[in-house]
Every structure is written in structure tokens, then in C-alpha cells.
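> Before I ask anything, here is the structure I am working with.
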Amino acid sequence: MEFPLFYDHNGTTILRTPVASNADGSITMTSDMDVGSLVQISYGDPSTIVESIREDSRRIHQFQPDILHIFSCAARRTFWTSKEPTYEIQPFKEISPSCGFFSHGEFLRTKGNLNQHNVTLVIAAMREGEKKEASAMSVLTERGTLSKVPLVSRLATFISVTSLELEETNQKLEYANEKLKMAAIIDGLTGLYNRKEIQSQIEKELAREGTRKFSLIMLDIDNFKQVNDTYGHQEGDMVIIALAKILHNEEMAYTDKFSAGRWGGEEFMLLLHDTDVSAASFIAELIRQCFANTSFPTVRMQTISLGVTQTTEDDTLDSLCTRVDAALYKAKKSGKNKVEVL
């Protein structure tokens, strides 16, 4: 209520206070607003309002009306709090008899256009004949008996709410950025790292100072082309996803030592941090057995071949990947569904 929306319409300034805040974050206004309107948040400063009222009361007093018709928006009554609902119409009390009511909006014609206003105070001063001699207006003196509007409290509430909304917006942006970052390194089908990311992690391990003892496992689904040719690519994807789930489970068991990525097609690469070739071979065998025992609704049971190698002092990315690829090739050539080490 203290921060009405402010915009220009038909050549005049319009103020609007929302009548409801909805669950979806939208607000309900007292009347339609044109699409494309430039809307700003304004602030109803109590001292400015009171001084404006007093200035207007001086001018009306000089007019010497016989009667005043006062129409105040109900929003203004709420603004002044329940203790002083007539705070701003006090200065008119001694000018002349008055009547009026609180409304939910006021229609004023400006420059030939009829506009609905909100949060306004409309005073019609009327007189019959010439004005009488103006009397002293004692009500213009300062009124220290009226309580002050809780300005600090209102501003504090406004700042608190806007800060919370800003924090929520930042969290949403941070979440969106994280999703974008993950999309850049995650394979869309399997949820594992893509080739670029798993390759990058291998390079970081090679560049790490001190001991570089780590192992790679490269695995490939046996006879996968037959699966696609016989059952279709959709069923083939289900086989790939099933293998990825096994690797996900293994990754959870070796959270700080295990990274899995899709190398390409039906090939996968596993990076085992601080792991020698003996432990890597054991893990590879567990993965082989687990996948061989996986059943599919349509496709018959499948197998994988795995190659294992451990880094040496002089290894580069090319030499390491070439060696683990050779180990995988050896497993394929020697009968498939097995683990070979080089």
C-alpha cells in the first residue's frame, strides 16, 4: 500500500495499488493497464502528502466554499492506519460543512479522457454566489497530537521482501547456470560424463604433481551393432542406459576415486584415481559380471569386453589411451566378455 505503481496514461499520471497478491507471483489490479506501459514503483511519503494536503486546504479556504464533497480512496485510509483514518482530511474540517465517502477508485476527466484513478483524494469545493470574507484557519497550525506513520517499519518490510525476492532470483540463476555447466560436460543419454570431460579429467590426473598412480578401464558392448539391427536403436539405447546405471552404482561406491564417461557410441571410459592395475582389474571384473547378469524385456542378455591399464611415469594422454584401447582390442579378439590388462 505504501509503494503504489506509477505510470503515465492519456497524458496524466496514474497511481495503482494492487488489491491482491496471487500464488503464482502475479498481482491483481483495480483496473486494466495497457500492455507495454512503463511502470515504476513509487513511495507515498507521509510528510509530503500532509504538506500537499495543507497547501490545498489553504487554496480551498481562500475560495470560501459553502460545502465540500470529499471522496477518498479506501487505500489511503489503510495507508494512514486504522487509528487515524481521517488524518489527511482534518485540515478541511473548519473550512465548511462536508460530506463524502471512501471509494475503491475515482474517475477523473483529463484532457478529454476519462481515467480511473486509484489512491487519490478528490475534493469538490462548491459555493453559491460571491465568496464571503475568509476567516482565520486555525487548523493550519502544526498538529503534534497525531501519531507518526510507521515509516521505518514499512521501509524495512519493503527491503526485506525485495531482498528475499532478489535472493530467490539469484538462486534460480545459479541453478540455471549449474544446469548449463552440467549440460556442457554430461552425456545426454547416459547421464555420465561426455568424452570431452572424461578426457579432460585424465589430462588433469596426468598433470598432477607427485605420484600419478591411476588406472583406466575402457569397455565396449559386444556385438552391439546386431542389437540395433535386430531390435532397433531404441532398444539399443536401453542397453546402453542399463550399462550406464551399473557404472553410476560403481561410481557411488568409489565416490572419490571413480569417474565414468561415455567415450563414444557403446564405448565407455573409467578413470580410477589412486588405483593400481590389480584393483582396477577387480573392479572391471565386477562390472563385467554385473552386466552379463542384466536382463532386458526384449533384447537377450548382453556382454561387454574390458581393457585395463595403469599409468606409467612417461605416459601422455595419447599413449595411455592407446594402451587401454589395445587392451580392449585384445579382449575382443580373444573371445569377448572378458577383461584384459596391458
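Chain identifiers are assigned as A, B, and so on, following the order in which chains appear in the C-alpha cells; residues are numbered from 1 within each chain, and ligands are numbered from 1 in order of appearance.
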Using DSSP assignments from the backbone, pull out every residue in range 90-239 of chain A that falls under alpha helix (DSSP H) and give it to me as a PyMOL selection string.

chain A and resi 151-185+195-207+224-231+233-239

> Excluding His104 in chain A and residues on its chain fewer than 2 positions from it, collect all residues at most 9 Å away from it, counting only C-alpha atoms, and give them as a VMD selection string.

chain A and resid 30 72 to 75 102 106 118 to 119

> Got time to write the residues from that selection, N, CA and C atoms, as a short mmCIF file (atom, residue, chain, number, x, y, z; two decimals), in the first residue's frame?


```
data_model
loop_
_atom_site.label_atom_id
_atom_site.label_comp_id
_atom_site.auth_asym_id
_atom_site.auth_seq_id
_atom_site.Cartn_x
_atom_site.Cartn_y
_atom_site.Cartn_z
N THR A 30 -6.77 -2.84 -9.69
CA THR A 30 -8.15 -2.33 -9.63
C THR A 30 -8.75 -2.14 -11.02
N SER A 72 -12.38 9.91 -0.86
CA SER A 72 -11.02 9.40 -0.63
C SER A 72 -10.97 7.91 -0.94
N CYS A 73 -9.91 7.49 -1.59
CA CYS A 73 -9.74 6.07 -1.89
C CYS A 73 -9.53 5.30 -0.59
N ALA A 74 -10.16 4.14 -0.50
CA ALA A 74 -10.03 3.31 0.70
C ALA A 74 -8.57 2.95 0.96
N ALA A 75 -7.76 2.91 -0.09
CA ALA A 75 -6.34 2.59 0.08
C ALA A 75 -5.63 3.64 0.94
N PHE A 102 -15.50 6.83 1.41
CA PHE A 102 -14.31 6.15 0.91
C PHE A 102 -14.71 5.29 -0.28
N GLU A 106 -11.48 6.35 -8.41
CA GLU A 106 -12.09 7.62 -8.77
C GLU A 106 -11.92 7.85 -10.26
N ASN A 118 -6.56 5.62 -8.72
CA ASN A 118 -6.53 4.82 -7.51
C ASN A 118 -5.65 5.56 -6.51
N VAL A 119 -5.87 5.39 -5.24
CA VAL A 119 -5.07 6.04 -4.19
C VAL A 119 -5.18 7.56 -4.26
#
```

> Looking only at strand (DSSP E) from DSSP on the backbone, list the matching residues of range 116-241 of chain A as a PyMOL selection string.

chain A and resi 116-117+121-126+214-221

> Could you turn the residues from that selection into a file that holds C-alpha atoms, as an mmCIF file, in the first residue's frame?


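Okay, this is what ended up in result.cif:
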```cif
data_model
loop_
_atom_site.group_PDB
_atom_site.id
_atom_site.type_symbol
_atom_site.label_atom_id
_atom_site.label_comp_id
_atom_site.auth_asym_id
_atom_site.auth_seq_id
_atom_site.Cartn_x
_atom_site.Cartn_y
_atom_site.Cartn_z
ATOM 1 C CA GLN A 116 -9.827 5.694 -13.473
ATOM 2 C CA HIS A 117 -7.502 6.660 -10.646
ATOM 3 C CA LEU A 121 -8.223 12.108 -2.783
ATOM 4 C CA VAL A 122 -10.869 14.071 -4.712
ATOM 5 C CA ILE A 123 -12.353 17.208 -3.152
ATOM 6 C CA ALA A 124 -15.129 19.174 -4.856
ATOM 7 C CA ALA A 125 -15.400 22.667 -3.318
ATOM 8 C CA MET A 126 -18.743 24.346 -4.170
ATOM 9 C CA PHE A 214 45.885 -44.225 -11.527
ATOM 10 C CA SER A 215 44.239 -46.670 -13.903
ATOM 11 C CA LEU A 216 41.877 -46.622 -16.847
ATOM 12 C CA ILE A 217 39.177 -49.104 -17.786
ATOM 13 C CA MET A 218 37.837 -48.996 -21.336
ATOM 14 C CA LEU A 219 34.778 -51.113 -22.075
ATOM 15 C CA ASP A 220 32.652 -51.840 -25.091
ATOM 16 C CA ILE A 221 29.323 -53.661 -25.513
#
```

> Rounded to one decimal place, report the CA of Tyr193 in chain A-CA of Ala176 in chain A distance in Å.

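Separating CA of Tyr193 in chain A from CA of Ala176 in chain A is a distance of 18.7 Å.
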
> Quick one: contact table of range 144-199 of chain A to range 260-269 of chain A, 7 Å max, nearest atom pair and distance in Å to one decimal per residue, counting only C-alpha atoms, chain and number order, as CSV?


```
residue,atom,partner,partner_atom,distance
A:Asp187,CA,A:Arg262,CA,6.9
A:Leu192,CA,A:Gly261,CA,5.0
A:Tyr193,CA,A:Gly261,CA,4.2
A:Asn194,CA,A:Arg262,CA,5.3
A:Arg195,CA,A:Trp263,CA,4.7
A:Ile198,CA,A:Gly261,CA,5.5
```

> Those same residues - all heavy atoms - I'd like them written as a PDB file, in the first residue's frame.


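Contents of result-v6.pdb, as written:
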```pdb
ATOM      1  N   ASP A 187      26.821 -36.430 -20.773  1.00  0.00           N
ATOM      2  CA  ASP A 187      26.227 -37.088 -21.928  1.00  0.00           C
ATOM      3  C   ASP A 187      24.717 -37.169 -21.741  1.00  0.00           C
ATOM      4  O   ASP A 187      24.235 -37.624 -20.687  1.00  0.00           O
ATOM      5  CB  ASP A 187      26.820 -38.494 -22.083  1.00  0.00           C
ATOM      6  CG  ASP A 187      26.152 -39.284 -23.187  1.00  0.00           C
ATOM      7  OD1 ASP A 187      26.289 -38.905 -24.364  1.00  0.00           O
ATOM      8  OD2 ASP A 187      25.453 -40.273 -22.858  1.00  0.00           O
ATOM      9  N   LEU A 192      26.285 -39.875 -17.728  1.00  0.00           N
ATOM     10  CA  LEU A 192      27.700 -39.919 -17.375  1.00  0.00           C
ATOM     11  C   LEU A 192      28.408 -38.736 -18.020  1.00  0.00           C
ATOM     12  O   LEU A 192      27.827 -37.983 -18.801  1.00  0.00           O
ATOM     13  CB  LEU A 192      28.326 -41.227 -17.862  1.00  0.00           C
ATOM     14  CG  LEU A 192      27.721 -42.534 -17.322  1.00  0.00           C
ATOM     15  CD1 LEU A 192      28.371 -43.732 -17.994  1.00  0.00           C
ATOM     16  CD2 LEU A 192      27.860 -42.621 -15.816  1.00  0.00           C
ATOM     17  N   TYR A 193      29.695 -38.552 -17.692  1.00  0.00           N
ATOM     18  CA  TYR A 193      30.465 -37.507 -18.356  1.00  0.00           C
ATOM     19  C   TYR A 193      30.533 -37.792 -19.856  1.00  0.00           C
ATOM     20  O   TYR A 193      30.519 -38.953 -20.289  1.00  0.00           O
ATOM     21  CB  TYR A 193      31.889 -37.457 -17.801  1.00  0.00           C
ATOM     22  CG  TYR A 193      31.982 -36.949 -16.380  1.00  0.00           C
ATOM     23  CD1 TYR A 193      32.612 -37.691 -15.391  1.00  0.00           C
ATOM     24  CD2 TYR A 193      31.449 -35.715 -16.023  1.00  0.00           C
ATOM     25  CE1 TYR A 193      32.709 -37.233 -14.088  1.00  0.00           C
ATOM     26  CE2 TYR A 193      31.531 -35.239 -14.730  1.00  0.00           C
ATOM     27  CZ  TYR A 193      32.162 -36.005 -13.760  1.00  0.00           C
ATOM     28  OH  TYR A 193      32.245 -35.550 -12.482  1.00  0.00           O
ATOM     29  N   ASN A 194      30.603 -36.724 -20.657  1.00  0.00           N
ATOM     30  CA  ASN A 194      30.837 -36.921 -22.085  1.00  0.00           C
ATOM     31  C   ASN A 194      32.335 -37.135 -22.331  1.00  0.00           C
ATOM     32  O   ASN A 194      33.159 -37.030 -21.420  1.00  0.00           O
ATOM     33  CB  ASN A 194      30.281 -35.756 -22.910  1.00  0.00           C
ATOM     34  CG  ASN A 194      30.858 -34.412 -22.489  1.00  0.00           C
ATOM     35  OD1 ASN A 194      31.981 -34.319 -21.999  1.00  0.00           O
ATOM     36  ND2 ASN A 194      30.087 -33.344 -22.691  1.00  0.00           N
ATOM     37  N   ARG A 195      32.701 -37.424 -23.564  1.00  0.00           N
ATOM     38  CA  ARG A 195      34.094 -37.762 -23.867  1.00  0.00           C
ATOM     39  C   ARG A 195      35.027 -36.598 -23.558  1.00  0.00           C
ATOM     40  O   ARG A 195      36.119 -36.796 -23.013  1.00  0.00           O
ATOM     41  CB  ARG A 195      34.233 -38.162 -25.342  1.00  0.00           C
ATOM     42  CG  ARG A 195      35.678 -38.446 -25.746  1.00  0.00           C
ATOM     43  CD  ARG A 195      35.773 -39.160 -27.058  1.00  0.00           C
ATOM     44  NE  ARG A 195      37.157 -39.445 -27.414  1.00  0.00           N
ATOM     45  CZ  ARG A 195      37.509 -40.336 -28.325  1.00  0.00           C
ATOM     46  NH1 ARG A 195      36.584 -41.043 -28.971  1.00  0.00           N
ATOM     47  NH2 ARG A 195      38.784 -40.549 -28.612  1.00  0.00           N
ATOM     48  N   ILE A 198      35.597 -36.497 -19.619  1.00  0.00           N
ATOM     49  CA  ILE A 198      36.392 -37.585 -19.043  1.00  0.00           C
ATOM     50  C   ILE A 198      37.829 -37.506 -19.541  1.00  0.00           C
ATOM     51  O   ILE A 198      38.787 -37.795 -18.810  1.00  0.00           O
ATOM     52  CB  ILE A 198      35.752 -38.966 -19.354  1.00  0.00           C
ATOM     53  CG1 ILE A 198      36.397 -40.056 -18.495  1.00  0.00           C
ATOM     54  CG2 ILE A 198      35.825 -39.301 -20.816  1.00  0.00           C
ATOM     55  CD1 ILE A 198      36.110 -39.939 -17.021  1.00  0.00           C
TER      56      ILE A 198
END
```

> Near range 57-71 of chain A, counting only C-alpha atoms, which residues have an atom at most 12 Å away, once you skip same-chain residues fewer than 6 positions from it, shown as a PyMOL selection string?

chain A and resi 50-51+77+86+88-108+117-141

> What does the distance between CA of Ser305 in chain A and CA of Phe291 in chain A come to in Å, to one decimal place?

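Straight-line distance from CA of Ser305 in chain A to CA of Phe291 in chain A works out to 10.5 Å.
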
> Calculated over only C-alpha atoms, which of the candidates A:Gly236, A:Glu313, A:Thr48, A:Glu340 has the smallest distance to Thr298 in chain A?

A:Gly236

> Name the residues in contact with Pro297 in chain A at a cut-off of 10 Å, using only C-alpha atoms, excluding same-chain residues fewer than 3 positions from it; report them as a list in words.

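Listing them by chain and then by number gives Glu235, Met238, Arg300 and Met301 of chain A.
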
> In Å, with one decimal, what is the gap from CA of Thr294 in chain A to CA of Leu342 in chain A?

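Here the two named atoms are 27.4 Å from each other.
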
> For a quick check of understanding, using only C-alpha atoms, which of A:Leu320, A:Val35, A:Leu270, A:Ala284 has the smallest distance to Glu203 in chain A?

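The answer is A:Leu320, which sits nearest to Glu203 in chain A.
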
> I'd like the neighbourhood of Ser37 in chain A as a PyMOL selection string, where a residue qualifies if any of its atoms comes within 9 Å (using only C-alpha atoms), though same-chain residues fewer than 3 positions away should be ignored.

chain A and resi 7-9+33-34
